[in-house]
Amino acid sequence: MLTVRMDEVGVRPGEWVLDLGCGFGRHAFEVARRGAHVVALDASEEEVRSTHAMFQAMRDAAEIDSRTVTASVRADATALPFPDHVFDRVICSEMLEHVRDDQRVLNEIARVTRPGGRVALTVPRWFPELVNWALSDAYHEVEGGHIRIYRRSALDGRVRSAGLLPVARHHSHALHTPYWWLKCLVGVSREDHLLVRAYHRMLVWDIMKRPRTTRYAETLLNPVLGKSWVLYAEKPPIT
C-alpha cells in the first residue's frame, strides 16, 4: 500500500532514491522494482534489518534487477550521512510528524537532493488527525508518537524555507480514516473489538485484491477523507 505516487515522484531506472524514514520499506521496495537504486534509511534497527532481509528475499525471487543497488541504513534524519546533491529523488512518508526538529530534516532532504530533483513528503492530514487526537490521548501520547498536526500552509512554509518548491499535492487512504477513528473511539489497543477486526479484514482484502469498487470509492473520498496529505516539491536547478 503506497502513499506516494511513483509516477508523480518521477522514479526512473538507474536513478538514486532515498527513502527517508522507510519503516518496513513499502516505498523502497517499489522503487527497487522499478529499477532505481534505493537507500532505505530509518532510526529503528528492527525496521532497517527487516527491510534488508526483504531486499534479499526480493533478489532471491528475481523481483529486483541484478544491476539495481539496494542499501538499508540506520541513521539520524537530522544529520544524514551523505554528501550534497547525491539523490535524484527523496521520499519521506509519515515521518515528519514524529520528529522534534522537522525543519532540520527538511533542510537535510534539500541538501542531499540534486538540483532539479524531486521530493515526496507525506504527513497525516489535519482534520482526520485532529479527530484522532480528540478521541484518544493514547493515539499520540506514546513514545515515538505524533507530536504535531500539520496544516497545509505550515508544511508549505517549511518546505520553501528549506529551498524546495512545492509543485503538486493530493490526499491518500480515505478508507483508512474511519478505521482509525473507530480504533481511537473504542481504544487504540483494542485489536479484539468486533468492529475493529471486521474493518481491518476489509482493509487487508482491499490491499490484497484492489477491487474496482473500493478503488473508485477511495478516489472519490480522498479529497474529503484522505488520511494522508502528499506534497511533491522540486529543488530548483542551478542557474
# chains A, B, ... in the order shown; residues from 1 in each chain; ligands from 1

call {"tool": "select_by_dssp", "arguments": {"residues": "range 4-239 of chain A", "states": "alpha helix (DSSP H)", "output": "PyMOL selection string"}}
result
chain A and resi 6-9+26-33+45-60+102-112+126-135+152-161+176-186+194-209+212-225

call {"tool": "residues_around", "arguments": {"residues": "range 121-124 of chain A", "least_positions_apart": "4", "cutoff": "10 Å", "atoms": "only C-alpha atoms", "output": "PDB file with N, CA and C atoms, in the first residue's frame"}}
result
ATOM      1  N   THR A   3       1.598   5.304  -0.335  1.00  0.00           N
ATOM      2  CA  THR A   3       1.010   6.626  -0.125  1.00  0.00           C
ATOM      3  C   THR A   3       1.442   7.579  -1.232  1.00  0.00           C
ATOM      4  N   VAL A   4       2.684   7.425  -1.674  1.00  0.00           N
ATOM      5  CA  VAL A   4       3.266   8.275  -2.717  1.00  0.00           C
ATOM      6  C   VAL A   4       3.004   7.662  -4.087  1.00  0.00           C
ATOM      7  N   LEU A  20      13.534   8.039   3.152  1.00  0.00           N
ATOM      8  CA  LEU A  20      13.905   8.548   4.473  1.00  0.00           C
ATOM      9  C   LEU A  20      12.783   8.277   5.463  1.00  0.00           C
ATOM     10  N   VAL A  90      13.854  11.908  -3.377  1.00  0.00           N
ATOM     11  CA  VAL A  90      13.783  11.590  -1.953  1.00  0.00           C
ATOM     12  C   VAL A  90      12.316  11.408  -1.582  1.00  0.00           C
ATOM     13  N   ILE A  91      12.038  10.318  -0.886  1.00  0.00           N
ATOM     14  CA  ILE A  91      10.701  10.049  -0.364  1.00  0.00           C
ATOM     15  C   ILE A  91      10.773  10.081   1.149  1.00  0.00           C
ATOM     16  N   CYS A  92       9.876  10.817   1.776  1.00  0.00           N
ATOM     17  CA  CYS A  92       9.813  10.887   3.238  1.00  0.00           C
ATOM     18  C   CYS A  92       8.342  10.772   3.624  1.00  0.00           C
ATOM     19  N   SER A  93       7.919   9.562   3.975  1.00  0.00           N
ATOM     20  CA  SER A  93       6.497   9.289   4.178  1.00  0.00           C
ATOM     21  C   SER A  93       6.168   9.025   5.646  1.00  0.00           C
ATOM     22  N   GLU A  94       5.227   9.811   6.180  1.00  0.00           N
ATOM     23  CA  GLU A  94       4.692   9.628   7.531  1.00  0.00           C
ATOM     24  C   GLU A  94       5.809   9.605   8.587  1.00  0.00           C
ATOM     25  N   MET A  95       6.762  10.500   8.454  1.00  0.00           N
ATOM     26  CA  MET A  95       7.867  10.568   9.398  1.00  0.00           C
ATOM     27  C   MET A  95       7.993  11.935  10.075  1.00  0.00           C
ATOM     28  N   LEU A  96       7.743  13.006   9.343  1.00  0.00           N
ATOM     29  CA  LEU A  96       7.980  14.345   9.871  1.00  0.00           C
ATOM     30  C   LEU A  96       7.156  14.647  11.123  1.00  0.00           C
ATOM     31  N   GLU A  97       5.980  14.059  11.234  1.00  0.00           N
ATOM     32  CA  GLU A  97       5.135  14.309  12.404  1.00  0.00           C
ATOM     33  C   GLU A  97       5.692  13.676  13.686  1.00  0.00           C
ATOM     34  N   HIS A  98       6.742  12.848  13.542  1.00  0.00           N
ATOM     35  CA  HIS A  98       7.343  12.179  14.697  1.00  0.00           C
ATOM     36  C   HIS A  98       8.573  12.904  15.244  1.00  0.00           C
ATOM     37  N   LEU A 106      13.982  18.660   6.885  1.00  0.00           N
ATOM     38  CA  LEU A 106      13.707  19.176   5.544  1.00  0.00           C
ATOM     39  C   LEU A 106      14.946  19.828   4.939  1.00  0.00           C
ATOM     40  N   PRO A 128      -8.601  14.669   9.734  1.00  0.00           N
ATOM     41  CA  PRO A 128      -8.654  13.314  10.300  1.00  0.00           C
ATOM     42  C   PRO A 128      -7.754  13.147  11.518  1.00  0.00           C
ATOM     43  N   GLU A 129      -6.582  13.780  11.485  1.00  0.00           N
ATOM     44  CA  GLU A 129      -5.667  13.672  12.611  1.00  0.00           C
ATOM     45  C   GLU A 129      -6.216  14.404  13.836  1.00  0.00           C
ATOM     46  N   LEU A 130      -6.839  15.540  13.620  1.00  0.00           N
ATOM     47  CA  LEU A 130      -7.434  16.290  14.730  1.00  0.00           C
ATOM     48  C   LEU A 130      -8.501  15.455  15.428  1.00  0.00           C
ATOM     49  N   HIS A 146       3.048  10.773  17.360  1.00  0.00           N
ATOM     50  CA  HIS A 146       2.912  12.032  16.636  1.00  0.00           C
ATOM     51  C   HIS A 146       3.017  13.199  17.617  1.00  0.00           C
ATOM     52  N   ARG A 148       2.873  16.589  16.377  1.00  0.00           N
ATOM     53  CA  ARG A 148       2.248  17.791  15.817  1.00  0.00           C
ATOM     54  C   ARG A 148       1.223  17.388  14.769  1.00  0.00           C
ATOM     55  N   ILE A 149       0.301  18.301  14.516  1.00  0.00           N
ATOM     56  CA  ILE A 149      -0.679  18.158  13.433  1.00  0.00           C
ATOM     57  C   ILE A 149      -0.394  19.259  12.432  1.00  0.00           C
ATOM     58  N   TYR A 150      -0.167  18.889  11.186  1.00  0.00           N
ATOM     59  CA  TYR A 150       0.217  19.872  10.166  1.00  0.00           C
ATOM     60  C   TYR A 150      -0.993  20.498   9.490  1.00  0.00           C
ATOM     61  N   ARG A 151      -0.948  21.796   9.386  1.00  0.00           N
ATOM     62  CA  ARG A 151      -1.784  22.499   8.409  1.00  0.00           C
ATOM     63  C   ARG A 151      -0.984  22.629   7.118  1.00  0.00           C
ATOM     64  N   ARG A 152      -1.684  22.704   6.004  1.00  0.00           N
ATOM     65  CA  ARG A 152      -1.002  22.753   4.713  1.00  0.00           C
ATOM     66  C   ARG A 152      -0.070  23.949   4.618  1.00  0.00           C
ATOM     67  N   LEU A 155       3.351  23.327   6.519  1.00  0.00           N
ATOM     68  CA  LEU A 155       4.318  22.459   5.852  1.00  0.00           C
ATOM     69  C   LEU A 155       4.845  23.116   4.580  1.00  0.00           C
ATOM     70  N   VAL A 159       8.798  23.727   3.817  1.00  0.00           N
ATOM     71  CA  VAL A 159       9.395  23.200   2.583  1.00  0.00           C
ATOM     72  C   VAL A 159      10.082  24.322   1.806  1.00  0.00           C
ATOM     73  N   ARG A 169       0.193  18.179  -5.199  1.00  0.00           N
ATOM     74  CA  ARG A 169      -0.263  17.599  -3.933  1.00  0.00           C
ATOM     75  C   ARG A 169      -1.535  16.800  -4.167  1.00  0.00           C
ATOM     76  N   HIS A 170      -1.781  15.870  -3.264  1.00  0.00           N
ATOM     77  CA  HIS A 170      -3.034  15.111  -3.275  1.00  0.00           C
ATOM     78  C   HIS A 170      -3.224  14.463  -1.914  1.00  0.00           C
ATOM     79  N   HIS A 171      -4.367  13.800  -1.721  1.00  0.00           N
ATOM     80  CA  HIS A 171      -4.645  13.079  -0.486  1.00  0.00           C
ATOM     81  C   HIS A 171      -4.742  11.583  -0.777  1.00  0.00           C
ATOM     82  N   SER A 172      -4.450  10.761   0.241  1.00  0.00           N
ATOM     83  CA  SER A 172      -4.463   9.309   0.075  1.00  0.00           C
ATOM     84  C   SER A 172      -5.121   8.634   1.274  1.00  0.00           C
ATOM     85  N   GLY A 226      -9.267  11.721   2.898  1.00  0.00           N
ATOM     86  CA  GLY A 226      -7.927  11.157   2.798  1.00  0.00           C
ATOM     87  C   GLY A 226      -7.136  11.328   4.086  1.00  0.00           C
ATOM     88  N   LYS A 227      -6.606  10.230   4.622  1.00  0.00           N
ATOM     89  CA  LYS A 227      -5.886  10.298   5.897  1.00  0.00           C
ATOM     90  C   LYS A 227      -4.527  10.972   5.758  1.00  0.00           C
ATOM     91  N   SER A 228      -3.899  10.805   4.590  1.00  0.00           N
ATOM     92  CA  SER A 228      -2.565  11.365   4.373  1.00  0.00           C
ATOM     93  C   SER A 228      -2.609  12.488   3.352  1.00  0.00           C
ATOM     94  N   TRP A 229      -1.799  13.494   3.597  1.00  0.00           N
ATOM     95  CA  TRP A 229      -1.589  14.579   2.640  1.00  0.00           C
ATOM     96  C   TRP A 229      -0.220  14.387   2.025  1.00  0.00           C
ATOM     97  N   VAL A 230      -0.158  14.387   0.702  1.00  0.00           N
ATOM     98  CA  VAL A 230       1.080  14.129  -0.022  1.00  0.00           C
ATOM     99  C   VAL A 230       1.487  15.381  -0.783  1.00  0.00           C
ATOM    100  N   LEU A 231       2.711  15.815  -0.549  1.00  0.00           N
ATOM    101  CA  LEU A 231       3.243  17.021  -1.189  1.00  0.00           C
ATOM    102  C   LEU A 231       4.473  16.650  -2.009  1.00  0.00           C
ATOM    103  N   TYR A 232       4.500  17.092  -3.264  1.00  0.00           N
ATOM    104  CA  TYR A 232       5.665  16.903  -4.125  1.00  0.00           C
ATOM    105  C   TYR A 232       6.341  18.253  -4.330  1.00  0.00           C
ATOM    106  N   ALA A 233       7.662  18.262  -4.219  1.00  0.00           N
ATOM    107  CA  ALA A 233       8.406  19.505  -4.338  1.00  0.00           C
ATOM    108  C   ALA A 233       9.659  19.251  -5.159  1.00  0.00           C
TER     109      ALA A 233
END

call {"tool": "residues_around", "arguments": {"residues": "Arg74 in chain A", "least_positions_apart": "6", "cutoff": "12 Å", "atoms": "only C-alpha atoms", "output": "ChimeraX atom specification"}}
result
/A:19-23,39-52,80-81

call {"tool": "atom_distance", "arguments": {"atom1": "CA of His27 in chain A", "atom2": "CA of Val9 in chain A"}}
result
11.4 Å

call {"tool": "residues_around", "arguments": {"residues": "Phe82 in chain A", "least_positions_apart": "4", "cutoff": "10 Å", "atoms": "only C-alpha atoms", "output": "list in words"}}
result
Val86, Phe87, Glu108, Arg111 and Val112 of chain A

call {"tool": "write_last_selection", "arguments": {"atoms": "N, CA and C atoms", "output": "tab-separated table (two decimals), in the first residue's frame"}}
result
chain	number	residue	atom	x	y	z
A	86	VAL	N	23.31	14.08	-3.89
A	86	VAL	CA	23.59	12.71	-4.36
A	86	VAL	C	22.35	11.95	-4.81
A	87	PHE	N	21.15	12.41	-4.42
A	87	PHE	CA	19.94	11.66	-4.75
A	87	PHE	C	19.10	12.41	-5.79
A	108	GLU	N	18.00	18.93	5.52
A	108	GLU	CA	18.86	17.82	5.13
A	108	GLU	C	18.36	17.16	3.84
A	111	ARG	N	19.40	19.33	1.08
A	111	ARG	CA	20.86	19.27	0.87
A	111	ARG	C	21.28	18.07	0.03
A	112	VAL	N	20.70	16.90	0.30
A	112	VAL	CA	21.14	15.68	-0.40
A	112	VAL	C	20.45	15.48	-1.74

call {"tool": "residues_around", "arguments": {"residues": "range 184-193 of chain A", "least_positions_apart": "6", "cutoff": "8 Å", "atoms": "only C-alpha atoms", "output": "list in words"}}
result
Asn132, Leu135, Ser136, Ala138 and Tyr139 of chain A

call {"tool": "residues_around", "arguments": {"residues": "Tyr216 in chain A", "least_positions_apart": "5", "cutoff": "12 Å", "atoms": "only C-alpha atoms", "output": "ChimeraX atom specification"}}
result
/A:174-175,206,210-211,221-222

call {"tool": "select_by_dssp", "arguments": {"residues": "range 18-151 of chain A", "states": "strand (DSSP E)", "output": "PyMOL selection string"}}
result
chain A and resi 18-20+37-42+70-74+87-93+113-124

call {"tool": "closest_residue", "arguments": {"among": "A:Ile64, A:Ala198, A:Val38, A:Ala28", "to": "Trp16 in chain A", "atoms": "only C-alpha atoms"}}
result
A:Val38

call {"tool": "closest_residue", "arguments": {"among": "A:Arg197, A:Lys235, A:Arg125, A:Arg212", "to": "Pro166 in chain A", "atoms": "only C-alpha atoms"}}
result
A:Lys235

call {"tool": "closest_residue", "arguments": {"among": "A:Pro236, A:Gly10, A:Gly145, A:Pro223", "to": "Arg89 in chain A", "atoms": "only C-alpha atoms"}}
result
A:Gly10
